[in-house]
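Please read the structure below before turning to the comments.
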Amino acid sequence: MEKLKIAGGYPLKGTIKVSGAKNSAVALIPATILADSPVTIEGLPEISDVLTLQSLLEEIGGTVSFEDGEMRVDPSEMISMPLPSGKVKKLRASYYLMGAMLGRFKKAAIGLPGGCHLGPRPIDQHIKGFEALGAEVTNEQGAIYLRADELRGARIYLDVVSVGATINIMLAAVRAKGRTIIENAAKEPEIIDVATLLTNMGAKIKGAGTDVIRIDGVEELSGCRHTIIPDRIEAGTYMILAAASGSGVLIDNVIPLHLESLIAKLREMKVPIEVGAEQVFIGKADHINSVDIKTLVYPGFPTDLQQPFTTLLTKAEGSAVVTDTIYSARFKHIDELRRMNANIKVEGRSAIVNGPIQLQGAKVKASDLRAGAALVIAGLLAEGITEVTGLEHIDRGYSNLVEKLEGLGATIWREKMSAEELEQLKSS
Ligand SMILES: CC(=O)N[C@H]1[C@@H](OP(=O)(O)OP(=O)(O)OC[C@H]2O[C@@H](n3ccc(=O)[nH]c3=O)[C@H](O)[C@@H]2O)O[C@H](CO)[C@@H](O)[C@@H]1O
Ligand SMILES: C=C(OP(=O)(O)O)C(=O)O
């Protein structure tokens, strides 16, 4: 097992290129199950979530190659094998195997998903959607069993705006008989990306990206080639890093429209920012103001950037309130930031960050993916050496993190953990 070591306190400069979107990738790959011939996806990020899904598709009989970000999936020999636990627990998005396998085979048995621990993450809306389409769904010993004689289109109103439920119902509905209407659907860009792939495969989908999606089921879907959208959360992470410790950083391969809420907040803080067609430049920010943030569904401020943004706020003048309305327990990074000298207190669903504070290097642990990003930014901002453990979380979502940050002049490296450190980690 490895840890990250960071020698912080030095300004970063240069260009950093964003990879394909994790939250699209993890839905596009299961979507290939629905085709009868090979699908190729270009620009996938090199992250463990993608590799885990590749291996799950292979387990059910898919022939998959993945090289230089291009994945080719031949789904023609796939069968509906049960995938009860093991790898499915390594990521959240294994739940998309439910919708895709149900859509193609009319049956599936999949273990409950893993992913970041951010408070309760039920999948009741996914199940409500599958049942509305005619599936019988049971939950037995930690796995979900789905079966339908026939899937029939239905009108489904989501009680909670959910990215996962919206995509999962789309996956199950594209080969159902008749029309499905998803009301109160989520509007994230990743939903549009998945709808684009499915449409290129022959599906009939209207309204993706709005809160009403209409799907007219088709009998068959066939292979195609698709290029994934850039990762707005990775881009946002590097924009926040550049605002925190940059002296001129160009973030390349960005769709700025996807990041309007973050751009608006950085402008409010007086971070120098120039927005181009596919790039964002963040200039050196000597003095930044505190701003409050409240996470909301898209196009509101993304919960996945709340944790990295909290680190930036430690450098801002004044007191800021960070409220996460999406998850009840997304503040596990705060204790670790406090170890690094941050002045933050948590009150219910809000954290109050008082700045500016000079962070100090420390030994910290990433409890989840974006907590990891928040701690890496903190390490680059801090005086002295920071050690970050829990890299298995960071590796789920950041492609070539060390190499990319080295390209900005950061002193950051991976190091093997000693037996004693591993023992300490186990008992912590
Ligand atoms: C793989 C992936 O794309 N992950 C993203 C996806 O997660 P995920 O799809 O799991 O998140 P959802 O949009 O479904 O969850 C939003 C909220 O709805 C609740 N909920 C969700 C489904 C359900 O059936 N019942 C229910 O109550 C959740 O507990 C949460 O409070 O969107 C989240 C919100 O933008 C992001 O943080 C994750 O990075
Ligand atoms: C919460 C996240 O991921 P997941 O839903 O895959 O756990 C995330 O990407 O920040």
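Naming scheme: A, B, ... for chains in displayed order of the structure tokens; residues 1 onward per chain; ligands 1 onward as shown.
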Assign secondary structure with DSSP using the backbone only, and return the residues of range 168-405 of chain A in strand (DSSP E or B) as number ranges by chain.
A: 177, 179-183, 204-206, 208, 210, 212-216, 225-227, 230, 246-252, 273-275, 279-282, 289, 293-295, 301, 317-324, 343-347, 350-355, 360, 363-365, 383-389
Any chance you could export the current selection's C-alpha atoms as a compact mmCIF listing (two decimals), in the first residue's frame?
```txt
# COMPACT_ATOMS: atom_id res chain seq x y z
CA LYS A 177 -41.99 -1.46 -24.82
CA ARG A 179 -42.88 5.38 -23.72
CA THR A 180 -41.21 6.16 -20.40
CA ILE A 181 -41.37 9.64 -18.91
CA ILE A 182 -39.02 10.51 -16.05
CA GLU A 183 -40.27 13.55 -14.15
CA LYS A 204 -34.95 7.43 -28.73
CA ILE A 205 -34.47 9.89 -25.87
CA LYS A 206 -35.69 13.50 -25.62
CA ALA A 208 -31.92 14.78 -21.22
CA THR A 210 -34.01 19.00 -18.42
CA VAL A 212 -38.50 15.75 -17.93
CA ILE A 213 -36.97 12.97 -20.02
CA ARG A 214 -39.03 11.05 -22.58
CA ILE A 215 -37.82 7.68 -23.83
CA ASP A 216 -39.50 5.69 -26.59
CA ARG A 225 -18.16 5.29 -31.23
CA HIS A 226 -18.49 7.93 -28.52
CA THR A 227 -16.18 10.58 -27.03
CA PRO A 230 -14.36 16.32 -19.73
CA GLY A 246 -1.16 28.93 -8.11
CA SER A 247 0.79 31.69 -9.72
CA GLY A 248 -0.81 31.34 -13.14
CA VAL A 249 -2.41 28.00 -14.06
CA LEU A 250 -4.19 27.14 -17.30
CA ILE A 251 -6.75 24.35 -16.95
CA ASP A 252 -7.23 22.73 -20.35
CA ILE A 273 -10.02 34.19 -13.69
CA GLU A 274 -10.25 34.21 -17.48
CA VAL A 275 -12.70 31.88 -19.17
CA GLN A 279 -9.84 26.48 -21.08
CA VAL A 280 -9.88 28.42 -17.83
CA PHE A 281 -6.91 30.50 -16.63
CA ILE A 282 -6.54 31.23 -12.93
CA ASN A 289 -12.39 37.01 0.29
CA ILE A 293 -21.42 28.06 -0.38
CA LYS A 294 -24.42 25.77 -0.35
CA THR A 295 -24.33 22.57 -2.40
CA PHE A 301 -22.72 24.29 -6.53
CA GLU A 317 -10.11 36.51 4.69
CA GLY A 318 -13.11 36.19 7.00
CA SER A 319 -15.62 33.59 8.04
CA ALA A 320 -17.46 31.35 5.55
CA VAL A 321 -20.38 28.96 5.97
CA VAL A 322 -20.24 25.77 3.89
CA THR A 323 -23.56 23.91 3.79
CA ASP A 324 -24.01 20.50 2.15
CA ASN A 343 -9.81 26.79 12.01
CA ILE A 344 -13.10 25.08 11.10
CA LYS A 345 -16.05 23.96 13.16
CA VAL A 346 -18.93 21.77 12.09
CA GLU A 347 -22.50 22.60 13.13
CA SER A 350 -22.67 23.31 7.91
CA ALA A 351 -19.00 23.95 8.47
CA ILE A 352 -17.76 27.38 9.50
CA VAL A 353 -14.32 28.14 8.12
CA ASN A 354 -12.31 31.00 9.60
CA GLY A 355 -9.38 32.36 7.66
CA GLN A 360 0.99 23.16 8.31
CA LYS A 363 -0.02 13.05 8.46
CA VAL A 364 -3.62 12.81 7.29
CA LYS A 365 -6.01 10.20 5.94
CA GLU A 383 4.30 24.66 5.02
CA GLY A 384 6.38 21.50 5.34
CA ILE A 385 5.68 17.89 4.48
CA THR A 386 2.20 16.34 4.32
CA GLU A 387 1.55 12.61 4.08
CA VAL A 388 -1.81 11.45 2.75
CA THR A 389 -3.01 7.87 3.16
```
Could you list, as a list in words, all protein and nucleic acid residues with an atom at most 8 Å from ligand 2, counting only C-alpha atoms and all ligand atoms?
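So the residues close to ligand 2 are Lys22, Asn23, Asp49, Leu91, Arg92, Ala93, Gly114, Gly115, Cys116, His117, Leu118, Ile233, Thr303, Asp304, Leu305, Asp368, Leu369, Arg370, Arg396 and Gly397 of chain A.
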Using the selection just defined, write its residues with N, CA and C atoms as a short mmCIF file (atom, residue, chain, number, x, y, z; two decimals), in the first residue's frame.
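The new file out-v2.cif reads:
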```
data_model
loop_
_atom_site.label_atom_id
_atom_site.label_comp_id
_atom_site.auth_asym_id
_atom_site.auth_seq_id
_atom_site.Cartn_x
_atom_site.Cartn_y
_atom_site.Cartn_z
N LYS A 22 -15.29 11.02 -14.77
CA LYS A 22 -15.55 9.77 -14.02
C LYS A 22 -17.04 9.42 -13.99
N ASN A 23 -17.87 10.41 -13.64
CA ASN A 23 -19.28 10.07 -13.44
C ASN A 23 -20.03 9.80 -14.74
N ASP A 49 -12.10 3.07 -10.88
CA ASP A 49 -13.52 2.78 -11.15
C ASP A 49 -13.70 2.22 -12.57
N LEU A 91 -17.11 0.34 -5.91
CA LEU A 91 -17.53 1.63 -6.47
C LEU A 91 -19.02 1.82 -6.33
N ARG A 92 -19.44 3.06 -6.41
CA ARG A 92 -20.84 3.40 -6.30
C ARG A 92 -21.60 2.97 -7.55
N ALA A 93 -20.97 3.25 -8.69
CA ALA A 93 -21.69 3.17 -9.96
C ALA A 93 -21.96 1.76 -10.44
N GLY A 114 -20.91 0.17 -3.51
CA GLY A 114 -20.04 0.83 -2.51
C GLY A 114 -19.98 2.31 -2.80
N GLY A 115 -18.76 2.84 -2.92
CA GLY A 115 -18.60 4.29 -3.18
C GLY A 115 -18.29 5.03 -1.91
N CYS A 116 -18.22 6.35 -2.03
CA CYS A 116 -17.83 7.18 -0.89
C CYS A 116 -18.87 7.12 0.22
N HIS A 117 -18.42 7.09 1.47
CA HIS A 117 -19.33 7.10 2.63
C HIS A 117 -19.60 8.55 3.00
N LEU A 118 -20.80 9.00 2.65
CA LEU A 118 -21.10 10.43 2.83
C LEU A 118 -22.38 10.60 3.62
N ILE A 233 -15.64 17.86 -12.36
CA ILE A 233 -15.21 17.86 -10.95
C ILE A 233 -13.68 17.87 -10.87
N THR A 303 -21.83 19.22 -4.85
CA THR A 303 -21.36 18.66 -3.58
C THR A 303 -19.96 18.06 -3.72
N ASP A 304 -19.63 17.55 -4.91
CA ASP A 304 -18.32 16.91 -5.08
C ASP A 304 -17.17 17.93 -5.03
N LEU A 305 -17.50 19.23 -5.11
CA LEU A 305 -16.43 20.24 -4.97
C LEU A 305 -16.45 20.92 -3.60
N ASP A 368 -12.49 9.54 1.86
CA ASP A 368 -13.25 9.34 0.63
C ASP A 368 -12.56 10.12 -0.48
N LEU A 369 -13.11 10.01 -1.69
CA LEU A 369 -12.44 10.57 -2.88
C LEU A 369 -12.16 12.08 -2.77
N ARG A 370 -13.22 12.86 -2.52
CA ARG A 370 -13.00 14.32 -2.54
C ARG A 370 -12.37 14.83 -1.26
N ARG A 396 -9.76 6.28 -7.31
CA ARG A 396 -11.06 6.01 -7.96
C ARG A 396 -11.44 7.12 -8.93
N GLY A 397 -10.86 8.32 -8.72
CA GLY A 397 -11.41 9.44 -9.50
C GLY A 397 -10.42 10.41 -10.11
#
```
Neighbours of Ala135 in chain A within 10 Å (only C-alpha atoms; same-chain residues fewer than 6 positions away dropped), as an MDAnalysis selection string?
chainID A and resid 102 106:107 127:129 145:152 172
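Selection of all polymer residues within 6 Å of ligand 1 on the basis of only C-alpha atoms and all ligand atoms gives Asn23, Arg92, Ala93, Pro120, Arg121, Pro122, Ile123, Asp124, Gln125, His126, Val160, Ser162, Val163, Gly164, Ala165, Thr303, Asp304, Ile326 and Tyr327 of chain A.
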Extract, using only C-alpha atoms, all DNA, RNA and protein residues at most 12 Å from Leu4 in chain A, discarding same-chain residues fewer than 6 positions from it, and format them as number ranges by chain.
A: 362-366, 372-373, 375-376, 379-380, 385-392, 394-395, 401-402, 411-417
Counting only C-alpha atoms, the option among A:Ala203, A:Val73, A:Ala378, A:Leu28 closest to Ile167 in chain A:
A:Leu28
Expected answer as a list in words: helix (DSSP H, G or I) residues in range 216-256 of chain A
Arg232, Ile233, Glu234, Ala235, Gly236, Thr237, Tyr238, Met239, Ile240, Leu241, Ala242, Ala243, Ala244, Ser245 and Pro256 of chain A
Near Ser85 in chain A, counting only C-alpha atoms, which residues have an atom at most 9 Å away, once you skip same-chain residues fewer than 6 positions from it, shown as a list of chain:residue names?
A:Ile110, A:Gly111, A:Leu112, A:Pro113, A:Gly142, A:Ala143
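Counting only C-alpha atoms, the residue from A:Ser290, A:Thr199, A:Ser55, A:Thr314 that sits nearest to Val174 in chain A is A:Thr199.
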Pick from A:Gly61, A:Gly209, A:Gly223, A:Gly202, whichever lies nearest to Asp36 in chain A using only C-alpha atoms:
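The answer is A:Gly223, which sits nearest to Asp36 in chain A.
Coordinates place CA of Ile16 in chain A at a distance of 23.9 Å from CA of Glu2 in chain A.
Excluding Leu266 in chain A itself and same-chain residues fewer than 4 positions from it, the residues having an atom within 10 Å of it are Met239, Ile240, Ala243, Glu260, Ser261, Leu262, Lys270, Val271, Pro272, Ile273, Ile282, Ile288, Asn289, Ser290, Val291 and Phe309 of chain A, counting only C-alpha atoms.
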Would you mind reading off the distance between CA of Thr15 in chain A and CA of Ala410 in chain A, one decimal, in Å?
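Computing the Euclidean distance for CA of Thr15 in chain A and CA of Ala410 in chain A yields 12.3 Å.
CA of Ser48 in chain A is found 25.2 Å from CA of Gly409 in chain A.
The shortest atom-to-atom distance to Glu77 in chain A, with only C-alpha atoms taken into account, belongs to A:Pro38 out of A:Pro38, A:Gly134, A:Gly43, A:Gly99.
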Nearest to Asp193 in chain A: which of A:Asn139, A:Pro256, A:Asp292, A:Ala21 is it, counting only C-alpha atoms?
A:Ala21
Closest to Gly9 in chain A among A:Ser245, A:Thr311, A:Asn168, A:Gln54, using only C-alpha atoms?
A:Ser245
